[in-house]
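Q: Next up is a structure, given as structure tokens.
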Amino acid sequence: MYTSPSAETLPAREHLPVGVAGRPVLDVVIPVYNEEKDLEPCVRRLHDHLSRTFPYDFRITVADNASTDATPDVARSLAAGLPAVRSVRLEQKGRGRALRTVWSASEAPVLAYMDVDLSTDLNALLPLVAPLISGHSDLAIGSRLARSSRVVRGPKREFVSRAYNLILRGSLAARFSDAQCGFKAIRREVAERLLPMVEDTGWFFDTEMLVLAERAGLRIHEVPVDWVDDPDSTVHIVRTATDDLKGVLRVGRALATGSLPLDRLARPFGDDPRDRELTGVPGGLARQLVGFCVVGALSTLFYVVLYSLFRLGVGSQPANAAALLVSAVANTAANRRLTFGVRGRERAARHQAQGLVVFAIGLALTSGSLAALGAATGDPAHSTELAVLVVANLAATVVRFLLFRLWVFPERSPRTPTRRKATGSSDTTSPTSPTSPTSPISPTTRTDTTTRTDTTSPTRTSTR
């Protein structure tokens, strides 16, 4: 069951402050399961890289997913020996569960994660988080499928990865290029509202998060990466692919029924204070035009088939009216959901009634065309009738689109987000939020699903 976050919409993006004493800007999570061999060299290499190259304070969090080997001991040793490293122990498996647990409790304004094998070149880490720090983007992902990426992996994994992303594009209309690369980042205020909507706790967590973010209109930044496959990876490809396909069906059904409150992830138009006062800014016009044309083309084919069938038993005018009525109902329903993104049953009857008014306009145009054709030729051929009707429908398309956009499915004014005081900070966490700086993770905090052993060292203060 999806959990509804706060009704408050997202604030406008702002550049993060230069530094906040006692709080890291970046929290990099490394989810692990039975990685006693690779964990220590991975964390030390990442810690050294961030210490040398990252211009802000950082933290590395090792999230142990119920490991049964010596991984918890290695994690505690690293947390005790390295500054800005901590360990969190979870008693249930699941990469998504680990990320949700740590990200939801972190006070860092930028949250990231990477796989323990460090298959992705660490030189891409700063380009990954820079758009989030600057306020340009909401999420950032590493992409192995970008043209400038350099990837070394076997043909089996290459085929599975590309096939999976093609499925996402075809079924969920995803536009990001690589859903499964273990190299992602998100702004904390976005995570606070987005994570409660993400249901998966395993490998599909990434995909679900990205699909919902994209559907909500959030900006996703992609970074081409250099990536070398880990031959010792323990990921079960077939089982993971099966679970992912089940997730695709579940998310697709949720999006189709409108059960997700994605409007709560809306951003103001721009980052200039004057832009936040703008109302009535048209959104998605190009996408709506494309969707309307596709629906219109299919509706026209449907109309032609219906007219041809009805014409076998009745005259041209009754056949035209019946075919247009049926196709108009289907056209309104399709445009409502696919073109203008209206979900659920609310106002559905009213939209259909308004669609029938638009249908009446189309009926007047097509009926008038048929009447004019009959007056001109007397007994026109069936093919001539069809040609005239198609032209009449095309002529009515512009009027139909304008009526749909401006009258039937007008854009609703976004709810005005709660204004913040001009403090120069982009921290929008409320005092009662679980991620508020006043309620950090406690080393002894326990929940019904997790047990944490946190040996956090004091956050490193940059001396570079």
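Ligands are numbered from 1 in the order shown, chains are lettered A, B, ... in the order of the structure tokens, and residues start at 1 in each chain.
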Residues within 10 Å of Ala173 (chain A), please, as number ranges by chain. Count only C-alpha atoms; anything in the same chain fewer than 2 positions from it doesn't count.
A: A: 166-171, 175-176, 211, 214-215, 252
Q: Could you write out that same residue set with C-alpha atoms as an mmCIF file, in the first residue's frame?
A:
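Output (result.cif):
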data_model
loop_
_atom_site.group_PDB
_atom_site.id
_atom_site.type_symbol
_atom_site.label_atom_id
_atom_site.label_comp_id
_atom_site.auth_asym_id
_atom_site.auth_seq_id
_atom_site.Cartn_x
_atom_site.Cartn_y
_atom_site.Cartn_z
ATOM 1 C CA LEU A 166 13.353 -0.827 -23.976
ATOM 2 C CA ILE A 167 10.542 -2.423 -21.957
ATOM 3 C CA LEU A 168 10.443 0.615 -19.677
ATOM 4 C CA ARG A 169 10.267 2.963 -22.653
ATOM 5 C CA GLY A 170 7.516 0.970 -24.325
ATOM 6 C CA SER A 171 5.353 0.215 -21.285
ATOM 7 C CA ARG A 175 12.732 8.666 -21.089
ATOM 8 C CA PHE A 176 15.788 8.076 -18.880
ATOM 9 C CA VAL A 211 9.467 6.429 -13.147
ATOM 10 C CA GLU A 214 9.707 11.517 -14.184
ATOM 11 C CA ARG A 215 5.908 11.290 -14.261
ATOM 12 C CA GLY A 252 1.836 0.802 -14.705
#
Q: Please list as an mmCIF file with N, CA and C atoms, in the first residue's frame every residue within 12 Å of Val326 (chain A), counting only C-alpha atoms and excluding residues in the same chain fewer than 5 positions away.
A:
data_model
loop_
_atom_site.group_PDB
_atom_site.id
_atom_site.type_symbol
_atom_site.label_atom_id
_atom_site.label_comp_id
_atom_site.auth_asym_id
_atom_site.auth_seq_id
_atom_site.Cartn_x
_atom_site.Cartn_y
_atom_site.Cartn_z
ATOM 1 N N SER A 299 -8.420 7.076 -33.353
ATOM 2 C CA SER A 299 -9.867 7.287 -33.321
ATOM 3 C C SER A 299 -10.445 7.374 -34.726
ATOM 4 N N THR A 300 -9.693 8.000 -35.630
ATOM 5 C CA THR A 300 -10.161 8.106 -37.015
ATOM 6 C C THR A 300 -10.263 6.726 -37.659
ATOM 7 N N PHE A 302 -10.695 3.933 -36.045
ATOM 8 C CA PHE A 302 -11.821 3.287 -35.379
ATOM 9 C C PHE A 302 -13.145 3.777 -35.955
ATOM 10 N N TYR A 303 -13.223 5.078 -36.207
ATOM 11 C CA TYR A 303 -14.435 5.669 -36.783
ATOM 12 C C TYR A 303 -14.715 5.116 -38.178
ATOM 13 N N VAL A 304 -13.667 5.011 -38.997
ATOM 14 C CA VAL A 304 -13.844 4.504 -40.365
ATOM 15 C C VAL A 304 -14.365 3.073 -40.349
ATOM 16 N N VAL A 305 -13.804 2.242 -39.462
ATOM 17 C CA VAL A 305 -14.261 0.852 -39.371
ATOM 18 C C VAL A 305 -15.721 0.806 -38.928
ATOM 19 N N LEU A 306 -16.061 1.582 -37.900
ATOM 20 C CA LEU A 306 -17.450 1.601 -37.429
ATOM 21 C C LEU A 306 -18.406 2.110 -38.500
ATOM 22 N N TYR A 307 -18.013 3.170 -39.199
ATOM 23 C CA TYR A 307 -18.900 3.722 -40.238
ATOM 24 C C TYR A 307 -19.141 2.691 -41.334
ATOM 25 N N PHE A 310 -21.618 0.106 -39.878
ATOM 26 C CA PHE A 310 -22.974 0.643 -39.734
ATOM 27 C C PHE A 310 -23.610 0.943 -41.092
ATOM 28 N N ALA A 319 -25.426 6.163 -40.003
ATOM 29 C CA ALA A 319 -24.156 5.459 -39.805
ATOM 30 C C ALA A 319 -23.080 6.414 -39.320
ATOM 31 N N ASN A 320 -23.053 7.618 -39.898
ATOM 32 C CA ASN A 320 -22.064 8.614 -39.474
ATOM 33 C C ASN A 320 -22.293 9.035 -38.021
ATOM 34 N N ALA A 321 -23.561 9.266 -37.644
ATOM 35 C CA ALA A 321 -23.855 9.700 -36.282
ATOM 36 C C ALA A 321 -23.492 8.621 -35.263
ATOM 37 N N ASN A 331 -12.649 8.388 -27.750
ATOM 38 C CA ASN A 331 -11.646 9.437 -27.927
ATOM 39 C C ASN A 331 -11.517 10.295 -26.671
ATOM 40 N N THR A 332 -12.649 10.662 -26.068
ATOM 41 C CA THR A 332 -12.604 11.473 -24.844
ATOM 42 C C THR A 332 -11.912 10.725 -23.712
ATOM 43 N N ALA A 333 -12.242 9.433 -23.558
ATOM 44 C CA ALA A 333 -11.618 8.638 -22.493
ATOM 45 C C ALA A 333 -10.115 8.512 -22.706
ATOM 46 N N GLN A 352 -17.050 13.435 -19.988
ATOM 47 C CA GLN A 352 -17.713 12.786 -21.120
ATOM 48 C C GLN A 352 -18.845 13.651 -21.670
ATOM 49 N N GLY A 355 -17.274 16.208 -23.622
ATOM 50 C CA GLY A 355 -16.794 15.594 -24.849
ATOM 51 C C GLY A 355 -17.898 15.417 -25.872
ATOM 52 N N LEU A 356 -19.103 15.169 -25.387
ATOM 53 C CA LEU A 356 -20.227 15.026 -26.314
ATOM 54 C C LEU A 356 -20.566 16.350 -26.993
ATOM 55 N N PHE A 359 -18.230 16.461 -29.592
ATOM 56 C CA PHE A 359 -18.735 15.529 -30.604
ATOM 57 C C PHE A 359 -19.802 16.185 -31.479
ATOM 58 N N LEU A 363 -19.935 16.369 -35.347
ATOM 59 C CA LEU A 363 -21.087 15.848 -36.092
ATOM 60 C C LEU A 363 -21.628 16.888 -37.060
#
Q: Of the candidates A:Pro261, A:Arg157, A:Leu370, A:Asp117, which one gets nearest to Pro196 (chain A) if we count only C-alpha atoms?
A: A:Pro261
Q: Can you list, as a list in words, every protein, DNA or RNA residue that comes within 10 Å of Trp407 (chain A) when you count only C-alpha atoms, leaving out same-chain residues fewer than 3 positions away?
A: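 My reading of the contact set: His351, Gln354, Gly355, Phe401, Leu402, Leu403, Phe404, Pro410 and Glu411 of chain A.
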Q: Would you output that residue set with N, CA and C atoms, as a PDB file, in the first residue's frame?
A:
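The resulting file, part.pdb, is reproduced below:
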ATOM      1  N   HIS A 351     -16.598  15.158 -17.826  1.00  0.00           N
ATOM      2  CA  HIS A 351     -15.707  15.217 -18.988  1.00  0.00           C
ATOM      3  C   HIS A 351     -16.347  14.556 -20.210  1.00  0.00           C
ATOM      4  N   GLN A 354     -18.970  16.944 -21.587  1.00  0.00           N
ATOM      5  CA  GLN A 354     -18.334  18.001 -22.365  1.00  0.00           C
ATOM      6  C   GLN A 354     -17.774  17.450 -23.680  1.00  0.00           C
ATOM      7  N   GLY A 355     -17.274  16.208 -23.622  1.00  0.00           N
ATOM      8  CA  GLY A 355     -16.794  15.594 -24.849  1.00  0.00           C
ATOM      9  C   GLY A 355     -17.898  15.417 -25.872  1.00  0.00           C
ATOM     10  N   PHE A 401      -9.012  19.992 -30.352  1.00  0.00           N
ATOM     11  CA  PHE A 401      -7.886  20.063 -29.419  1.00  0.00           C
ATOM     12  C   PHE A 401      -7.990  21.301 -28.529  1.00  0.00           C
ATOM     13  N   LEU A 402      -8.314  22.429 -29.130  1.00  0.00           N
ATOM     14  CA  LEU A 402      -8.424  23.654 -28.347  1.00  0.00           C
ATOM     15  C   LEU A 402      -9.536  23.550 -27.305  1.00  0.00           C
ATOM     16  N   LEU A 403     -10.661  22.952 -27.689  1.00  0.00           N
ATOM     17  CA  LEU A 403     -11.753  22.795 -26.726  1.00  0.00           C
ATOM     18  C   LEU A 403     -11.363  21.838 -25.602  1.00  0.00           C
ATOM     19  N   PHE A 404     -10.684  20.757 -25.950  1.00  0.00           N
ATOM     20  CA  PHE A 404     -10.235  19.825 -24.921  1.00  0.00           C
ATOM     21  C   PHE A 404      -9.270  20.507 -23.952  1.00  0.00           C
ATOM     22  N   PRO A 410      -8.885  21.688 -18.679  1.00  0.00           N
ATOM     23  CA  PRO A 410      -8.004  22.832 -18.456  1.00  0.00           C
ATOM     24  C   PRO A 410      -6.976  22.502 -17.382  1.00  0.00           C
ATOM     25  N   GLU A 411      -5.816  23.154 -17.488  1.00  0.00           N
ATOM     26  CA  GLU A 411      -4.785  22.948 -16.483  1.00  0.00           C
ATOM     27  C   GLU A 411      -5.217  23.598 -15.190  1.00  0.00           C
TER      28      GLU A 411
END
Q: Write out as a PyMOL selection string all residues of region 177-420 of chain A that backbone DSSP assigns to strand (DSSP E or B).
A: chain A and resi 183-187+220-224+226-228
Q: Generate the output file for the selected residues, N, CA, C and O atoms, as a compact mmCIF listing (two decimals), in the first residue's frame.
A:
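Saved result, selection-v6.txt, follows:
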# COMPACT_ATOMS: atom_id res chain seq x y z
N PHE A 183 24.34 3.77 -9.33
CA PHE A 183 25.08 5.02 -9.17
C PHE A 183 24.08 6.15 -9.32
O PHE A 183 23.86 6.67 -10.41
N LYS A 184 23.45 6.55 -8.20
CA LYS A 184 22.35 7.52 -8.26
C LYS A 184 22.42 8.48 -7.09
O LYS A 184 23.05 8.18 -6.06
N ALA A 185 21.74 9.62 -7.23
CA ALA A 185 21.69 10.62 -6.17
C ALA A 185 20.35 11.34 -6.23
O ALA A 185 19.70 11.40 -7.28
N ILE A 186 19.94 11.91 -5.09
CA ILE A 186 18.65 12.59 -5.00
C ILE A 186 18.75 13.68 -3.94
O ILE A 186 19.49 13.54 -2.96
N ARG A 187 18.06 14.78 -4.16
CA ARG A 187 17.98 15.82 -3.13
C ARG A 187 17.07 15.35 -2.01
O ARG A 187 16.06 14.69 -2.25
N ILE A 220 15.59 14.93 -14.02
CA ILE A 220 16.56 13.85 -13.80
C ILE A 220 17.78 14.11 -14.68
O ILE A 220 17.67 14.18 -15.90
N HIS A 221 18.91 14.26 -14.04
CA HIS A 221 20.17 14.53 -14.74
C HIS A 221 20.90 13.21 -14.98
O HIS A 221 20.99 12.37 -14.08
N GLU A 222 21.40 13.01 -16.20
CA GLU A 222 22.11 11.78 -16.54
C GLU A 222 23.59 12.08 -16.76
O GLU A 222 23.94 13.05 -17.44
N VAL A 223 24.43 11.23 -16.20
CA VAL A 223 25.88 11.38 -16.33
C VAL A 223 26.45 10.16 -17.04
O VAL A 223 26.29 9.03 -16.54
N PRO A 224 27.08 10.33 -18.19
CA PRO A 224 27.76 9.18 -18.83
C PRO A 224 28.87 8.67 -17.92
O PRO A 224 29.62 9.46 -17.34
N ASP A 226 32.02 5.57 -16.98
CA ASP A 226 32.88 4.45 -17.36
C ASP A 226 32.58 3.33 -16.38
O ASP A 226 32.62 3.52 -15.15
N TRP A 227 32.28 2.15 -16.90
CA TRP A 227 31.77 1.07 -16.05
C TRP A 227 32.37 -0.26 -16.47
O TRP A 227 32.38 -0.61 -17.66
N VAL A 228 32.87 -0.99 -15.49
CA VAL A 228 33.47 -2.30 -15.74
C VAL A 228 32.70 -3.34 -14.94
O VAL A 228 32.56 -3.21 -13.71
Q: Pick the closest to Val358 (chain A) from A:Asn65, A:Ser316, A:Thr397, A:Ser51: which is it, counting only C-alpha atoms?
A: A:Thr397
Q: Using only C-alpha atoms, find the one residue out of A:Pro31, A:Asp73, A:Val25, A:Leu111 that sits nearest to Asp57 (chain A).
A: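 The closest residue to Asp57 (chain A) is A:Val25.
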